[in-house]
Amino acid sequence: MKIVKENVDINNSILFTDEYRGYYKMNKILPYEQVNHKKYFSYNGIHTNTIESFWAILKRGFIGQFHWVSKKWLQSYLNEFCFKYNNRKEKITFKNIIIKLFIKN
């Protein structure tokens, strides 16, 4: 809860999760909705599939690509995976990366 309070705009956010019990107390600090996978995987277009996909890719990358991740470089690894995931539908070339990273529109 401390990490969420420090990093999330709790006045303008809603937390959507699966039925993992670890999230139950979050409704004390922000609105909370749960997608019950035993009944459905999407509720009115709300689902957890995208974030679950991201975590699976990140986990496979840490285990299969890097094999070990140090705390010192953790944020850099996360930044790389976020960049790749957020641009997964685009053709990634060196030129496109330079434009995205260094040229602001």
# chains A, B, ... in the order shown; residues from 1 in each chain; ligands from 1
>>> select_by_dssp(residues="range 24-84 of chain A", states="strand (DSSP E or B)", output="MDAnalysis selection string")
chainID A and resid 32:34 43 46
>>> residues_around(residues="range 11-21 of chain A", least_positions_apart="3", cutoff="6 Å", atoms="only C-alpha atoms", output="short mmCIF file (atom, residue, chain, number, x, y, z; two decimals) with C-alpha atoms, in the first residue's frame")
data_model
loop_
_atom_site.label_atom_id
_atom_site.label_comp_id
_atom_site.auth_asym_id
_atom_site.auth_seq_id
_atom_site.Cartn_x
_atom_site.Cartn_y
_atom_site.Cartn_z
CA TYR A 24 -8.26 -7.04 -0.93
CA PRO A 31 -11.52 2.37 -5.65
CA TYR A 32 -11.05 -1.32 -6.39
CA GLU A 33 -12.74 -3.68 -8.84
CA GLN A 34 -12.06 -7.37 -9.22
CA VAL A 35 -12.34 -9.51 -12.34
CA ASN A 36 -13.39 -12.97 -11.16
#
>>> residues_around(residues="range 51-65 of chain A", least_positions_apart="4", cutoff="10 Å", atoms="only C-alpha atoms", output="mmCIF file with C-alpha atoms, in the first residue's frame")
data_model
loop_
_atom_site.group_PDB
_atom_site.id
_atom_site.type_symbol
_atom_site.label_atom_id
_atom_site.label_comp_id
_atom_site.auth_asym_id
_atom_site.auth_seq_id
_atom_site.Cartn_x
_atom_site.Cartn_y
_atom_site.Cartn_z
ATOM 1 C CA THR A 17 -7.203 -6.948 -10.402
ATOM 2 C CA ASP A 18 -7.817 -10.643 -10.603
ATOM 3 C CA HIS A 47 -9.756 -7.209 -17.917
ATOM 4 C CA VAL A 69 19.107 -8.946 -12.453
ATOM 5 C CA TYR A 77 15.817 -3.445 -17.266
ATOM 6 C CA LEU A 78 12.228 -2.404 -16.512
ATOM 7 C CA GLU A 80 13.765 -1.529 -21.617
ATOM 8 C CA PHE A 81 10.865 -3.961 -21.269
ATOM 9 C CA CYS A 82 8.344 -1.118 -20.957
ATOM 10 C CA TYR A 85 6.068 -3.563 -24.802
ATOM 11 C CA ASN A 86 4.674 -0.088 -25.477
#
>>> residues_around(residues="Leu101 in chain A", least_positions_apart="3", cutoff="12 Å", atoms="only C-alpha atoms", output="list in words")
Asn79, Glu80, Phe83, Asn87, Phe94, Lys95, Asn96, Ile97, Ile98, Lys104 and Asn105 of chain A
>>> write_last_selection(atoms="N, CA and C atoms", output="CSV table (one decimal), in the first residue's frame")
chain,number,residue,atom,x,y,z
A,79,ASN,N,12.8,-0.3,-17.7
A,79,ASN,CA,12.6,0.7,-18.8
A,79,ASN,C,12.7,0.0,-20.1
A,80,GLU,N,13.6,-0.9,-20.3
A,80,GLU,CA,13.8,-1.5,-21.6
A,80,GLU,C,12.5,-2.3,-22.0
A,83,PHE,N,9.6,-0.1,-22.8
A,83,PHE,CA,9.7,0.5,-24.1
A,83,PHE,C,9.3,-0.5,-25.2
A,87,ASN,N,5.9,-0.4,-27.6
A,87,ASN,CA,6.1,-0.2,-29.0
A,87,ASN,C,6.0,-1.5,-29.8
A,94,PHE,N,16.5,1.1,-35.7
A,94,PHE,CA,17.4,2.0,-34.9
A,94,PHE,C,16.9,3.4,-35.1
A,95,LYS,N,16.6,3.8,-36.3
A,95,LYS,CA,16.1,5.1,-36.6
A,95,LYS,C,14.9,5.5,-35.8
A,96,ASN,N,13.9,4.6,-35.7
A,96,ASN,CA,12.7,4.8,-35.0
A,96,ASN,C,13.0,4.9,-33.5
A,97,ILE,N,13.9,4.1,-33.0
A,97,ILE,CA,14.2,4.2,-31.6
A,97,ILE,C,14.8,5.6,-31.2
A,98,ILE,N,15.8,6.0,-32.1
A,98,ILE,CA,16.4,7.3,-31.8
A,98,ILE,C,15.3,8.4,-31.9
A,104,LYS,N,11.4,15.0,-29.3
A,104,LYS,CA,10.1,15.3,-28.7
A,104,LYS,C,9.3,16.0,-29.7
A,105,ASN,N,8.0,15.6,-29.9
A,105,ASN,CA,7.1,16.3,-30.8
A,105,ASN,C,6.3,17.3,-30.0
>>> select_by_dssp(residues="range 31-92 of chain A", states="alpha helix (DSSP H)", output="NGL selection string")
:A and (49-60 or 74-86)
>>> write_last_selection(atoms="N, CA and C atoms", output="PDB file, in the first residue's frame")
ATOM      1  N   ASN A  49      -5.832  -8.991 -18.734  1.00  0.00           N
ATOM      2  CA  ASN A  49      -5.015  -9.741 -19.708  1.00  0.00           C
ATOM      3  C   ASN A  49      -3.762  -8.986 -20.129  1.00  0.00           C
ATOM      4  N   THR A  50      -3.864  -7.673 -20.331  1.00  0.00           N
ATOM      5  CA  THR A  50      -2.721  -6.901 -20.816  1.00  0.00           C
ATOM      6  C   THR A  50      -1.587  -6.891 -19.797  1.00  0.00           C
ATOM      7  N   ILE A  51      -1.902  -6.603 -18.554  1.00  0.00           N
ATOM      8  CA  ILE A  51      -0.848  -6.561 -17.534  1.00  0.00           C
ATOM      9  C   ILE A  51      -0.301  -7.958 -17.259  1.00  0.00           C
ATOM     10  N   GLU A  52      -1.152  -8.971 -17.302  1.00  0.00           N
ATOM     11  CA  GLU A  52      -0.661 -10.336 -17.111  1.00  0.00           C
ATOM     12  C   GLU A  52       0.298 -10.728 -18.234  1.00  0.00           C
ATOM     13  N   SER A  53       0.010 -10.291 -19.447  1.00  0.00           N
ATOM     14  CA  SER A  53       0.901 -10.546 -20.574  1.00  0.00           C
ATOM     15  C   SER A  53       2.249  -9.854 -20.375  1.00  0.00           C
ATOM     16  N   PHE A  54       2.203  -8.600 -19.925  1.00  0.00           N
ATOM     17  CA  PHE A  54       3.447  -7.865 -19.678  1.00  0.00           C
ATOM     18  C   PHE A  54       4.299  -8.565 -18.629  1.00  0.00           C
ATOM     19  N   TRP A  55       3.689  -8.969 -17.504  1.00  0.00           N
ATOM     20  CA  TRP A  55       4.453  -9.637 -16.449  1.00  0.00           C
ATOM     21  C   TRP A  55       5.049 -10.953 -16.948  1.00  0.00           C
ATOM     22  N   ALA A  56       4.322 -11.684 -17.786  1.00  0.00           N
ATOM     23  CA  ALA A  56       4.846 -12.945 -18.329  1.00  0.00           C
ATOM     24  C   ALA A  56       6.069 -12.688 -19.203  1.00  0.00           C
ATOM     25  N   ILE A  57       6.004 -11.661 -20.046  1.00  0.00           N
ATOM     26  CA  ILE A  57       7.146 -11.314 -20.909  1.00  0.00           C
ATOM     27  C   ILE A  57       8.336 -10.875 -20.060  1.00  0.00           C
ATOM     28  N   LEU A  58       8.081 -10.056 -19.050  1.00  0.00           N
ATOM     29  CA  LEU A  58       9.144  -9.584 -18.166  1.00  0.00           C
ATOM     30  C   LEU A  58       9.807 -10.752 -17.441  1.00  0.00           C
ATOM     31  N   LYS A  59       9.008 -11.644 -16.912  1.00  0.00           N
ATOM     32  CA  LYS A  59       9.539 -12.802 -16.189  1.00  0.00           C
ATOM     33  C   LYS A  59      10.382 -13.696 -17.103  1.00  0.00           C
ATOM     34  N   ARG A  60       9.877 -13.950 -18.298  1.00  0.00           N
ATOM     35  CA  ARG A  60      10.646 -14.773 -19.252  1.00  0.00           C
ATOM     36  C   ARG A  60      11.948 -14.077 -19.637  1.00  0.00           C
ATOM     37  N   LEU A  74      18.005  -2.659 -12.036  1.00  0.00           N
ATOM     38  CA  LEU A  74      16.623  -3.101 -12.190  1.00  0.00           C
ATOM     39  C   LEU A  74      15.774  -2.090 -12.959  1.00  0.00           C
ATOM     40  N   GLN A  75      15.873  -0.805 -12.614  1.00  0.00           N
ATOM     41  CA  GLN A  75      15.058   0.198 -13.300  1.00  0.00           C
ATOM     42  C   GLN A  75      15.390   0.256 -14.788  1.00  0.00           C
ATOM     43  N   SER A  76      16.642   0.084 -15.146  1.00  0.00           N
ATOM     44  CA  SER A  76      17.027   0.082 -16.560  1.00  0.00           C
ATOM     45  C   SER A  76      16.426  -1.108 -17.300  1.00  0.00           C
ATOM     46  N   TYR A  77      16.450  -2.270 -16.660  1.00  0.00           N
ATOM     47  CA  TYR A  77      15.817  -3.445 -17.266  1.00  0.00           C
ATOM     48  C   TYR A  77      14.321  -3.200 -17.461  1.00  0.00           C
ATOM     49  N   LEU A  78      13.664  -2.679 -16.426  1.00  0.00           N
ATOM     50  CA  LEU A  78      12.228  -2.404 -16.512  1.00  0.00           C
ATOM     51  C   LEU A  78      11.932  -1.377 -17.602  1.00  0.00           C
ATOM     52  N   ASN A  79      12.755  -0.342 -17.699  1.00  0.00           N
ATOM     53  CA  ASN A  79      12.568   0.665 -18.752  1.00  0.00           C
ATOM     54  C   ASN A  79      12.656   0.039 -20.141  1.00  0.00           C
ATOM     55  N   GLU A  80      13.617  -0.859 -20.321  1.00  0.00           N
ATOM     56  CA  GLU A  80      13.765  -1.529 -21.617  1.00  0.00           C
ATOM     57  C   GLU A  80      12.520  -2.345 -21.954  1.00  0.00           C
ATOM     58  N   PHE A  81      12.042  -3.134 -21.005  1.00  0.00           N
ATOM     59  CA  PHE A  81      10.865  -3.961 -21.269  1.00  0.00           C
ATOM     60  C   PHE A  81       9.618  -3.109 -21.492  1.00  0.00           C
ATOM     61  N   CYS A  82       9.487  -2.017 -20.748  1.00  0.00           N
ATOM     62  CA  CYS A  82       8.344  -1.118 -20.957  1.00  0.00           C
ATOM     63  C   CYS A  82       8.390  -0.510 -22.346  1.00  0.00           C
ATOM     64  N   PHE A  83       9.565  -0.062 -22.769  1.00  0.00           N
ATOM     65  CA  PHE A  83       9.711   0.521 -24.103  1.00  0.00           C
ATOM     66  C   PHE A  83       9.332  -0.505 -25.173  1.00  0.00           C
ATOM     67  N   LYS A  84       9.863  -1.700 -25.049  1.00  0.00           N
ATOM     68  CA  LYS A  84       9.565  -2.744 -26.033  1.00  0.00           C
ATOM     69  C   LYS A  84       8.079  -3.079 -26.051  1.00  0.00           C
ATOM     70  N   TYR A  85       7.486  -3.200 -24.866  1.00  0.00           N
ATOM     71  CA  TYR A  85       6.068  -3.563 -24.802  1.00  0.00           C
ATOM     72  C   TYR A  85       5.190  -2.450 -25.366  1.00  0.00           C
ATOM     73  N   ASN A  86       5.479  -1.218 -25.007  1.00  0.00           N
ATOM     74  CA  ASN A  86       4.674  -0.088 -25.477  1.00  0.00           C
ATOM     75  C   ASN A  86       4.798   0.152 -26.976  1.00  0.00           C
TER      76      ASN A  86
END
